[in-house]
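Source file model-v1.cif; content: mmCIF, C-alpha atoms.
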```
data_coords
loop_
_atom_site.group_PDB
_atom_site.id
_atom_site.type_symbol
_atom_site.label_atom_id
_atom_site.label_comp_id
_atom_site.auth_asym_id
_atom_site.auth_seq_id
_atom_site.Cartn_x
_atom_site.Cartn_y
_atom_site.Cartn_z
ATOM 1 C CA LYS A 175 -8.715 -1.142 11.781
ATOM 2 C CA GLN A 176 -5.456 -0.318 10.024
ATOM 3 C CA GLU A 177 -4.427 3.318 10.263
ATOM 4 C CA VAL A 178 -1.408 4.790 8.491
ATOM 5 C CA THR A 179 0.158 8.015 9.676
ATOM 6 C CA GLN A 180 2.911 10.079 8.108
ATOM 7 C CA ILE A 181 4.886 12.672 9.984
ATOM 8 C CA PRO A 182 5.733 15.398 9.216
ATOM 9 C CA ALA A 183 3.007 16.585 6.859
ATOM 10 C CA ALA A 184 5.471 18.930 5.190
ATOM 11 C CA LEU A 185 9.228 19.226 5.154
ATOM 12 C CA SER A 186 11.550 21.785 3.616
ATOM 13 C CA VAL A 187 15.292 21.153 3.360
ATOM 14 C CA PRO A 188 18.241 22.691 1.536
ATOM 15 C CA GLU A 189 19.688 20.848 -1.418
ATOM 16 C CA GLY A 190 22.246 18.190 -0.530
ATOM 17 C CA GLU A 191 20.801 17.327 2.848
ATOM 18 C CA ASN A 192 20.020 13.741 3.819
ATOM 19 C CA LEU A 193 16.487 13.320 5.136
ATOM 20 C CA VAL A 194 14.109 10.770 6.617
ATOM 21 C CA LEU A 195 10.378 10.487 6.057
ATOM 22 C CA ASN A 196 8.344 8.530 8.581
ATOM 23 C CA CYS A 197 5.388 6.198 8.218
ATOM 24 C CA SER A 198 3.624 4.367 11.028
ATOM 25 C CA PHE A 199 0.863 1.780 10.923
ATOM 26 C CA THR A 200 -1.326 0.391 13.688
ATOM 27 C CA ASP A 201 -1.706 -3.258 12.644
ATOM 28 C CA SER A 202 1.636 -5.024 12.326
ATOM 29 C CA ALA A 203 0.111 -7.954 10.378
ATOM 30 C CA ILE A 204 0.967 -6.496 7.005
ATOM 31 C CA TYR A 205 1.967 -8.278 3.810
ATOM 32 C CA ASN A 206 4.168 -5.454 2.603
ATOM 33 C CA LEU A 207 4.566 -1.698 2.607
ATOM 34 C CA GLN A 208 4.896 0.470 -0.458
ATOM 35 C CA TRP A 209 6.317 3.973 -0.858
ATOM 36 C CA PHE A 210 5.019 6.253 -3.602
ATOM 37 C CA ARG A 211 5.902 9.643 -4.965
ATOM 38 C CA GLN A 212 3.309 12.031 -6.382
ATOM 39 C CA ASP A 213 4.206 15.151 -8.340
ATOM 40 C CA PRO A 214 1.554 17.879 -8.704
ATOM 41 C CA GLY A 215 -1.003 16.937 -11.333
ATOM 42 C CA LYS A 216 0.493 13.496 -11.782
ATOM 43 C CA GLY A 217 -0.222 9.952 -10.732
ATOM 44 C CA LEU A 218 1.459 8.033 -7.952
ATOM 45 C CA THR A 219 4.814 6.547 -8.889
ATOM 46 C CA SER A 220 5.928 3.455 -7.036
ATOM 47 C CA LEU A 221 9.329 3.963 -5.421
ATOM 48 C CA LEU A 222 9.899 0.896 -3.274
ATOM 49 C CA LEU A 223 7.987 -2.153 -2.111
ATOM 50 C CA ILE A 224 9.143 -3.894 1.060
ATOM 51 C CA GLN A 225 7.740 -7.346 1.702
ATOM 52 C CA SER A 226 6.912 -8.243 5.294
ATOM 53 C CA SER A 227 9.917 -10.581 5.490
ATOM 54 C CA GLN A 228 12.355 -7.836 4.485
ATOM 55 C CA ARG A 229 13.955 -5.157 6.614
ATOM 56 C CA GLU A 230 15.246 -2.854 3.875
ATOM 57 C CA GLN A 231 14.988 -2.024 0.205
ATOM 58 C CA THR A 232 17.252 0.288 -1.737
ATOM 59 C CA SER A 233 16.896 2.058 -5.048
ATOM 60 C CA GLY A 234 19.535 4.590 -5.955
ATOM 61 C CA ARG A 235 19.546 7.361 -3.353
ATOM 62 C CA LEU A 236 16.462 5.923 -1.666
ATOM 63 C CA ASN A 237 16.466 3.441 1.173
ATOM 64 C CA ALA A 238 13.306 2.206 2.835
ATOM 65 C CA SER A 239 13.262 0.270 6.083
ATOM 66 C CA LEU A 240 10.507 -1.722 7.729
ATOM 67 C CA ASP A 241 10.066 -2.627 11.386
ATOM 68 C CA LYS A 242 6.838 -4.566 11.673
ATOM 69 C CA SER A 243 7.034 -5.060 15.412
ATOM 70 C CA SER A 244 7.072 -1.329 16.069
ATOM 71 C CA GLY A 245 4.715 -0.518 13.184
ATOM 72 C CA ARG A 246 7.156 1.794 11.462
ATOM 73 C CA SER A 247 8.769 2.396 8.119
ATOM 74 C CA THR A 248 11.197 5.091 7.085
ATOM 75 C CA LEU A 249 12.203 6.415 3.690
ATOM 76 C CA TYR A 250 15.739 7.774 3.659
ATOM 77 C CA ILE A 251 16.700 10.114 0.830
ATOM 78 C CA ALA A 252 20.408 10.770 0.458
ATOM 79 C CA ALA A 253 21.883 13.944 -0.991
ATOM 80 C CA SER A 254 18.510 15.501 -1.727
ATOM 81 C CA GLN A 255 17.973 17.421 -4.970
ATOM 82 C CA PRO A 256 15.343 19.973 -6.043
ATOM 83 C CA GLY A 257 13.925 17.279 -8.334
ATOM 84 C CA ASP A 258 13.040 15.247 -5.241
ATOM 85 C CA SER A 259 10.392 17.835 -4.374
ATOM 86 C CA ALA A 260 7.064 16.001 -4.349
ATOM 87 C CA THR A 261 4.577 14.402 -1.999
ATOM 88 C CA TYR A 262 5.643 11.027 -0.634
ATOM 89 C CA LEU A 263 3.024 8.518 0.454
ATOM 90 C CA CYS A 264 3.298 5.161 2.149
ATOM 91 C CA ALA A 265 0.621 2.484 1.898
ATOM 92 C CA VAL A 266 -0.162 -0.989 3.179
ATOM 93 C CA PRO A 267 -2.511 -3.477 1.516
ATOM 94 C CA LEU A 268 -5.885 -4.364 2.979
ATOM 95 C CA VAL A 269 -8.103 -7.216 1.809
ATOM 96 C CA ASN A 270 -9.620 -5.276 -1.090
ATOM 97 C CA ASP A 271 -7.857 -1.941 -0.915
ATOM 98 C CA MET A 272 -4.732 -0.085 0.139
ATOM 99 C CA ARG A 273 -4.534 2.098 3.223
ATOM 100 C CA PHE A 274 -2.610 5.246 2.347
ATOM 101 C CA GLY A 275 -0.996 7.751 4.626
ATOM 102 C CA ALA A 276 -1.849 11.403 4.044
ATOM 103 C CA GLY A 277 1.647 11.978 2.680
ATOM 104 C CA THR A 278 4.630 14.186 3.408
ATOM 105 C CA ARG A 279 5.074 17.158 1.095
ATOM 106 C CA LEU A 280 8.807 17.583 0.541
ATOM 107 C CA THR A 281 10.419 20.739 -0.778
ATOM 108 C CA VAL A 282 14.125 20.726 -1.552
ATOM 109 C CA LYS A 283 15.450 24.246 -1.967
ATOM 110 C CA PRO A 284 18.301 24.939 -4.411
ATOM 111 C CA ASP B 245 5.669 -2.258 -20.553
ATOM 112 C CA ALA B 246 3.903 1.085 -21.010
ATOM 113 C CA GLY B 247 2.426 1.061 -17.535
ATOM 114 C CA VAL B 248 -1.202 1.691 -16.663
ATOM 115 C CA ILE B 249 -2.797 3.789 -19.385
ATOM 116 C CA GLN B 250 -5.756 6.047 -18.728
ATOM 117 C CA SER B 251 -7.819 8.209 -21.032
ATOM 118 C CA PRO B 252 -8.798 10.931 -21.303
ATOM 119 C CA ARG B 253 -6.204 12.823 -19.272
ATOM 120 C CA HIS B 254 -8.542 15.787 -18.938
ATOM 121 C CA GLU B 255 -12.288 16.030 -19.301
ATOM 122 C CA VAL B 256 -14.433 19.120 -18.939
ATOM 123 C CA THR B 257 -18.155 18.570 -19.182
ATOM 124 C CA GLU B 258 -21.414 20.117 -18.153
ATOM 125 C CA MET B 259 -23.623 18.890 -15.376
ATOM 126 C CA GLY B 260 -25.922 16.115 -16.511
ATOM 127 C CA GLN B 261 -23.637 14.791 -19.206
ATOM 128 C CA GLU B 262 -22.324 11.242 -19.308
ATOM 129 C CA VAL B 263 -18.633 10.737 -18.638
ATOM 130 C CA THR B 264 -16.662 7.608 -19.488
ATOM 131 C CA LEU B 265 -13.135 7.080 -18.209
ATOM 132 C CA ARG B 266 -10.982 4.306 -19.589
ATOM 133 C CA CYS B 267 -8.139 2.223 -18.245
ATOM 134 C CA LYS B 268 -5.718 -0.310 -19.669
ATOM 135 C CA PRO B 269 -3.915 -2.154 -16.857
ATOM 136 C CA ILE B 270 -0.429 -3.558 -17.088
ATOM 137 C CA SER B 271 -0.436 -6.820 -19.010
ATOM 138 C CA GLY B 272 -0.539 -9.810 -16.699
ATOM 139 C CA HIS B 273 -1.907 -7.912 -13.716
ATOM 140 C CA ASN B 274 -5.002 -9.554 -12.317
ATOM 141 C CA SER B 275 -6.156 -6.851 -9.897
ATOM 142 C CA LEU B 276 -7.515 -3.467 -10.930
ATOM 143 C CA PHE B 277 -8.557 -0.568 -8.742
ATOM 144 C CA TRP B 278 -10.353 2.696 -9.465
ATOM 145 C CA TYR B 279 -9.580 5.540 -7.055
ATOM 146 C CA ARG B 280 -10.765 9.115 -6.773
ATOM 147 C CA GLN B 281 -8.537 11.840 -5.347
ATOM 148 C CA THR B 282 -9.630 15.212 -4.036
ATOM 149 C CA MET B 283 -7.917 17.736 -1.804
ATOM 150 C CA MET B 284 -10.571 17.326 0.855
ATOM 151 C CA ARG B 285 -10.803 13.524 0.997
ATOM 152 C CA GLY B 286 -7.505 12.289 -0.382
ATOM 153 C CA LEU B 287 -7.494 8.938 -2.173
ATOM 154 C CA GLU B 288 -10.744 6.986 -2.031
ATOM 155 C CA LEU B 289 -11.245 3.503 -3.430
ATOM 156 C CA LEU B 290 -14.240 3.324 -5.727
ATOM 157 C CA ILE B 291 -14.124 -0.269 -6.932
ATOM 158 C CA TYR B 292 -11.785 -3.264 -6.994
ATOM 159 C CA PHE B 293 -11.733 -5.976 -9.670
ATOM 160 C CA ASN B 294 -9.938 -9.294 -9.431
ATOM 161 C CA ASN B 295 -9.643 -11.439 -12.556
ATOM 162 C CA ASN B 296 -12.162 -9.102 -14.245
ATOM 163 C CA VAL B 297 -14.779 -9.664 -11.536
ATOM 164 C CA PRO B 298 -15.931 -6.783 -9.298
ATOM 165 C CA ILE B 299 -15.025 -7.799 -5.763
ATOM 166 C CA ASP B 300 -15.708 -4.659 -3.776
ATOM 167 C CA ASP B 301 -17.784 -1.747 -5.057
ATOM 168 C CA SER B 302 -18.685 -0.350 -1.656
ATOM 169 C CA GLY B 303 -16.828 2.854 -2.478
ATOM 170 C CA MET B 304 -18.949 3.705 -5.487
ATOM 171 C CA PRO B 305 -20.739 6.872 -4.351
ATOM 172 C CA GLU B 306 -24.158 6.189 -5.787
ATOM 173 C CA ASP B 307 -26.042 4.678 -8.685
ATOM 174 C CA ARG B 308 -24.753 7.350 -11.011
ATOM 175 C CA PHE B 309 -21.404 5.563 -10.979
ATOM 176 C CA SER B 310 -20.799 2.263 -12.721
ATOM 177 C CA ALA B 311 -17.689 0.319 -13.679
ATOM 178 C CA LYS B 312 -17.024 -2.581 -15.991
ATOM 179 C CA MET B 313 -14.118 -4.802 -16.862
ATOM 180 C CA PRO B 314 -15.093 -6.790 -19.953
ATOM 181 C CA ASN B 315 -11.635 -8.341 -20.301
ATOM 182 C CA ALA B 316 -8.248 -8.396 -18.634
ATOM 183 C CA SER B 317 -6.929 -5.451 -20.631
ATOM 184 C CA PHE B 318 -9.703 -2.892 -20.349
ATOM 185 C CA SER B 319 -11.910 -1.239 -17.770
ATOM 186 C CA THR B 320 -14.298 1.712 -17.805
ATOM 187 C CA LEU B 321 -15.720 3.972 -15.134
ATOM 188 C CA LYS B 322 -18.916 5.723 -16.134
ATOM 189 C CA ILE B 323 -20.706 8.596 -14.461
ATOM 190 C CA GLN B 324 -24.243 9.309 -15.638
ATOM 191 C CA PRO B 325 -25.469 11.951 -15.026
ATOM 192 C CA SER B 326 -22.408 13.869 -13.884
ATOM 193 C CA GLU B 327 -22.578 16.525 -11.150
ATOM 194 C CA PRO B 328 -20.155 19.290 -10.123
ATOM 195 C CA ARG B 329 -19.271 17.386 -6.929
ATOM 196 C CA ASP B 330 -17.855 14.605 -9.109
ATOM 197 C CA SER B 331 -14.992 16.903 -10.098
ATOM 198 C CA ALA B 332 -11.796 15.130 -9.059
ATOM 199 C CA VAL B 333 -8.852 13.172 -10.397
ATOM 200 C CA TYR B 334 -9.738 9.557 -11.091
ATOM 201 C CA PHE B 335 -6.935 7.028 -10.977
ATOM 202 C CA CYS B 336 -6.767 3.492 -12.205
ATOM 203 C CA ALA B 337 -4.203 1.156 -10.659
ATOM 204 C CA SER B 338 -3.246 -2.447 -11.272
ATOM 205 C CA ARG B 339 -1.392 -5.074 -9.293
ATOM 206 C CA SER B 340 0.088 -8.462 -10.067
ATOM 207 C CA GLY B 341 0.444 -11.481 -7.843
ATOM 208 C CA THR B 342 -1.907 -13.226 -5.532
ATOM 209 C CA GLY B 343 -3.621 -11.675 -2.586
ATOM 210 C CA ARG B 344 -1.924 -8.585 -1.262
ATOM 211 C CA THR B 345 1.700 -9.305 -2.074
ATOM 212 C CA GLY B 346 2.101 -7.520 -5.379
ATOM 213 C CA GLU B 347 3.275 -4.021 -6.202
ATOM 214 C CA LEU B 348 0.607 -1.472 -7.081
ATOM 215 C CA PHE B 349 1.069 0.716 -10.163
ATOM 216 C CA PHE B 350 -0.991 3.813 -10.944
ATOM 217 C CA GLY B 351 -1.925 5.484 -14.177
ATOM 218 C CA GLU B 352 -1.471 9.214 -14.708
ATOM 219 C CA GLY B 353 -5.106 9.863 -13.863
ATOM 220 C CA SER B 354 -8.093 11.484 -15.544
ATOM 221 C CA ARG B 355 -8.840 14.984 -14.281
ATOM 222 C CA LEU B 356 -12.588 15.548 -14.453
ATOM 223 C CA THR B 357 -14.208 18.950 -14.199
ATOM 224 C CA VAL B 358 -17.994 19.110 -14.176
ATOM 225 C CA LEU B 359 -19.370 22.619 -14.670
#
```
Translate this file's structure into structure tokens.
Amino acid sequence: KQEVTQIPAALSVPEGENLVLNCSFTDSAIYNLQWFRQDPGKGLTSLLLIQSSQREQTSGRLNASLDKSSGRSTLYIAASQPGDSATYLCAVPLVNDMRFGAGTRLTVKP
Amino acid sequence: DAGVIQSPRHEVTEMGQEVTLRCKPISGHNSLFWYRQTMMRGLELLIYFNNNVPIDDSGMPEDRFSAKMPNASFSTLKIQPSEPRDSAVYFCASRSGTGRTGELFFGEGSRLTVL
């Protein structure tokens, strides 16, 4: 059974710092891995989708990596800003569903 | 594209009333999911449609919940009768592509409060 874990559950950093969010999964036979952002009271916004054949995806200050063999993905945020404060979730597709991690709640302090 | 559109954004109702939540998926997406999110249980899949056909409804809590997708551009989730424990945020999401390769997009959600 696929399990997705995100560590840490919460993270607080000063503005400008580079940071890494971690996501691990137990079954390496994944099609892709997707990173989402959720602001309070809002829906999940897709940030990056990494297909199983890819090692990295970049969008602006965000860079996501995927290592299927070790069952890990990281989301790197460069030069963090207060507007980056949100909960970040990773997810992998199942047959009829997505398996989500519990998320990392990020706070970037001005 | 306007993204996944859900309505209403907020619904407050009294126990026993019927609630209907609506979703318009992204045009061209052939998979549609209804999720429920609560603080205690996180995101839970309620039902999954593929090409307008319900494929997996094992997450639907009980007979009070029903979902339809009459065409590729519209889906409803109905709760009748509603109960206070149904209070949650209900999300609709859609995905393109075949199998599990596509990117999943969520709507803004419908926040339901049952008094």
Legend entry - Answer key for the PyMOL selection byres ((chain A) within 12 of (chain B)), residues as a ChimeraX atom specification: /A:203-227,263-277
Apply the PyMOL selection byres ((chain B and resi 315-326) around 10) to the structure shown and report the selected residues as a short mmCIF file (atom, residue, chain, number, x, y, z; two decimals) with C-alpha atoms, in the frame of the given file.
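Below you can see result.cif, which holds the result:
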```cif
data_model
loop_
_atom_site.label_atom_id
_atom_site.label_comp_id
_atom_site.auth_asym_id
_atom_site.auth_seq_id
_atom_site.Cartn_x
_atom_site.Cartn_y
_atom_site.Cartn_z
CA VAL B 248 -1.20 1.69 -16.66
CA ILE B 249 -2.80 3.79 -19.39
CA GLN B 250 -5.76 6.05 -18.73
CA SER B 251 -7.82 8.21 -21.03
CA THR B 257 -18.16 18.57 -19.18
CA GLU B 258 -21.41 20.12 -18.15
CA MET B 259 -23.62 18.89 -15.38
CA GLY B 260 -25.92 16.11 -16.51
CA GLN B 261 -23.64 14.79 -19.21
CA GLU B 262 -22.32 11.24 -19.31
CA VAL B 263 -18.63 10.74 -18.64
CA THR B 264 -16.66 7.61 -19.49
CA LEU B 265 -13.14 7.08 -18.21
CA ARG B 266 -10.98 4.31 -19.59
CA CYS B 267 -8.14 2.22 -18.24
CA LYS B 268 -5.72 -0.31 -19.67
CA PRO B 269 -3.92 -2.15 -16.86
CA ILE B 270 -0.43 -3.56 -17.09
CA SER B 271 -0.44 -6.82 -19.01
CA GLY B 272 -0.54 -9.81 -16.70
CA HIS B 273 -1.91 -7.91 -13.72
CA ASN B 274 -5.00 -9.55 -12.32
CA SER B 275 -6.16 -6.85 -9.90
CA LEU B 276 -7.52 -3.47 -10.93
CA PHE B 277 -8.56 -0.57 -8.74
CA TRP B 278 -10.35 2.70 -9.46
CA LEU B 290 -14.24 3.32 -5.73
CA ILE B 291 -14.12 -0.27 -6.93
CA PHE B 293 -11.73 -5.98 -9.67
CA ASN B 294 -9.94 -9.29 -9.43
CA ASN B 295 -9.64 -11.44 -12.56
CA ASN B 296 -12.16 -9.10 -14.24
CA VAL B 297 -14.78 -9.66 -11.54
CA GLU B 306 -24.16 6.19 -5.79
CA ASP B 307 -26.04 4.68 -8.68
CA ARG B 308 -24.75 7.35 -11.01
CA PHE B 309 -21.40 5.56 -10.98
CA SER B 310 -20.80 2.26 -12.72
CA ALA B 311 -17.69 0.32 -13.68
CA LYS B 312 -17.02 -2.58 -15.99
CA MET B 313 -14.12 -4.80 -16.86
CA PRO B 314 -15.09 -6.79 -19.95
CA GLU B 327 -22.58 16.52 -11.15
CA PRO B 328 -20.16 19.29 -10.12
CA ARG B 329 -19.27 17.39 -6.93
CA ASP B 330 -17.86 14.60 -9.11
CA SER B 331 -14.99 16.90 -10.10
CA TYR B 334 -9.74 9.56 -11.09
CA CYS B 336 -6.77 3.49 -12.20
CA LEU B 356 -12.59 15.55 -14.45
CA THR B 357 -14.21 18.95 -14.20
CA VAL B 358 -17.99 19.11 -14.18
CA LEU B 359 -19.37 22.62 -14.67
#
```
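We find atom CA of Thr200 of chain A and atom CA of Val178 of chain A to be spaced 6.8 Å apart.
Ranking A:Lys242, A:Arg229, A:Lys175, A:Arg235 by their shortest atom-to-atom distance to Val194 of chain A, with all atoms listed in the file included, puts A:Arg235 first.
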Legend entry - Residue neighbourhood Leu240 of chain A, 7 Å, all atoms listed in the file, exclusion window fewer than 3 positions, as an MDAnalysis selection string: chainID A and resid 229:230 246:248
Inset, instruction - In Å, rounded to a single decimal, give me how far atom CA of Asn192 of chain A is from atom CA of Tyr250 of chain A. - result: 7.3 Å
Output segment 253-275 of chain A as a tab-separated table (two decimals), in the coordinates of the input, making sure N, CA, C and O atoms are there.
```
chain	number	residue	atom	x	y	z
A	253	ALA	N	21.44	12.85	-0.10
A	253	ALA	CA	21.88	13.94	-0.99
A	253	ALA	C	20.71	14.51	-1.78
A	253	ALA	O	20.69	14.44	-3.02
A	254	SER	N	19.75	15.06	-1.09
A	254	SER	CA	18.51	15.50	-1.73
A	254	SER	C	18.77	16.54	-2.82
A	254	SER	O	19.72	17.33	-2.76
A	255	GLN	N	17.88	16.52	-3.82
A	255	GLN	CA	17.97	17.42	-4.97
A	255	GLN	C	16.63	18.12	-5.16
A	255	GLN	O	15.59	17.58	-4.76
A	256	PRO	N	16.63	19.29	-5.79
A	256	PRO	CA	15.34	19.97	-6.04
A	256	PRO	C	14.33	19.08	-6.77
A	256	PRO	O	13.13	19.19	-6.54
A	257	GLY	N	14.81	18.19	-7.62
A	257	GLY	CA	13.92	17.28	-8.33
A	257	GLY	C	13.25	16.26	-7.44
A	257	GLY	O	12.32	15.57	-7.88
A	258	ASP	N	13.69	16.15	-6.19
A	258	ASP	CA	13.04	15.25	-5.24
A	258	ASP	C	11.78	15.87	-4.65
A	258	ASP	O	11.03	15.20	-3.94
A	259	SER	N	11.57	17.15	-4.91
A	259	SER	CA	10.39	17.84	-4.37
A	259	SER	C	9.12	17.18	-4.91
A	259	SER	O	8.93	17.09	-6.12
A	260	ALA	N	8.29	16.72	-4.00
A	260	ALA	CA	7.06	16.00	-4.35
A	260	ALA	C	6.38	15.62	-3.05
A	260	ALA	O	6.89	15.89	-1.96
A	261	THR	N	5.24	14.98	-3.17
A	261	THR	CA	4.58	14.40	-2.00
A	261	THR	C	4.88	12.91	-1.97
A	261	THR	O	4.76	12.23	-2.99
A	262	TYR	N	5.29	12.43	-0.81
A	262	TYR	CA	5.64	11.03	-0.63
A	262	TYR	C	4.59	10.35	0.23
A	262	TYR	O	4.27	10.83	1.32
A	263	LEU	N	4.06	9.24	-0.27
A	263	LEU	CA	3.02	8.52	0.45
A	263	LEU	C	3.48	7.09	0.72
A	263	LEU	O	4.14	6.47	-0.11
A	264	CYS	N	3.10	6.58	1.87
A	264	CYS	CA	3.30	5.16	2.15
A	264	CYS	C	1.93	4.49	2.19
A	264	CYS	O	0.90	5.16	2.42
A	265	ALA	N	1.89	3.19	1.94
A	265	ALA	CA	0.62	2.48	1.90
A	265	ALA	C	0.82	1.02	2.24
A	265	ALA	O	1.87	0.43	1.93
A	266	VAL	N	-0.18	0.44	2.89
A	266	VAL	CA	-0.16	-0.99	3.18
A	266	VAL	C	-1.42	-1.61	2.60
A	266	VAL	O	-2.47	-0.97	2.55
A	267	PRO	N	-1.34	-2.86	2.15
A	267	PRO	CA	-2.51	-3.48	1.52
A	267	PRO	C	-3.51	-3.97	2.55
A	267	PRO	O	-3.14	-4.49	3.60
A	268	LEU	N	-4.79	-3.77	2.22
A	268	LEU	CA	-5.88	-4.36	2.98
A	268	LEU	C	-6.44	-5.51	2.14
A	268	LEU	O	-5.88	-5.86	1.12
A	269	VAL	N	-7.54	-6.08	2.55
A	269	VAL	CA	-8.10	-7.22	1.81
A	269	VAL	C	-8.45	-6.80	0.38
A	269	VAL	O	-8.09	-7.47	-0.59
A	270	ASN	N	-9.17	-5.71	0.24
A	270	ASN	CA	-9.62	-5.28	-1.09
A	270	ASN	C	-9.20	-3.86	-1.42
A	270	ASN	O	-9.81	-3.22	-2.28
A	271	ASP	N	-8.19	-3.36	-0.76
A	271	ASP	CA	-7.86	-1.94	-0.92
A	271	ASP	C	-6.43	-1.74	-0.44
A	271	ASP	O	-5.73	-2.68	-0.09
A	272	MET	N	-6.00	-0.50	-0.47
A	272	MET	CA	-4.73	-0.08	0.14
A	272	MET	C	-5.05	1.02	1.15
A	272	MET	O	-5.90	1.86	0.90
A	273	ARG	N	-4.38	1.01	2.27
A	273	ARG	CA	-4.53	2.10	3.22
A	273	ARG	C	-3.36	3.03	3.03
A	273	ARG	O	-2.20	2.62	3.26
A	274	PHE	N	-3.65	4.27	2.63
A	274	PHE	CA	-2.61	5.25	2.35
A	274	PHE	C	-2.45	6.20	3.52
A	274	PHE	O	-3.43	6.55	4.20
A	275	GLY	N	-1.21	6.62	3.74
A	275	GLY	CA	-1.00	7.75	4.63
A	275	GLY	C	-1.38	9.03	3.90
A	275	GLY	O	-1.60	9.02	2.68
```
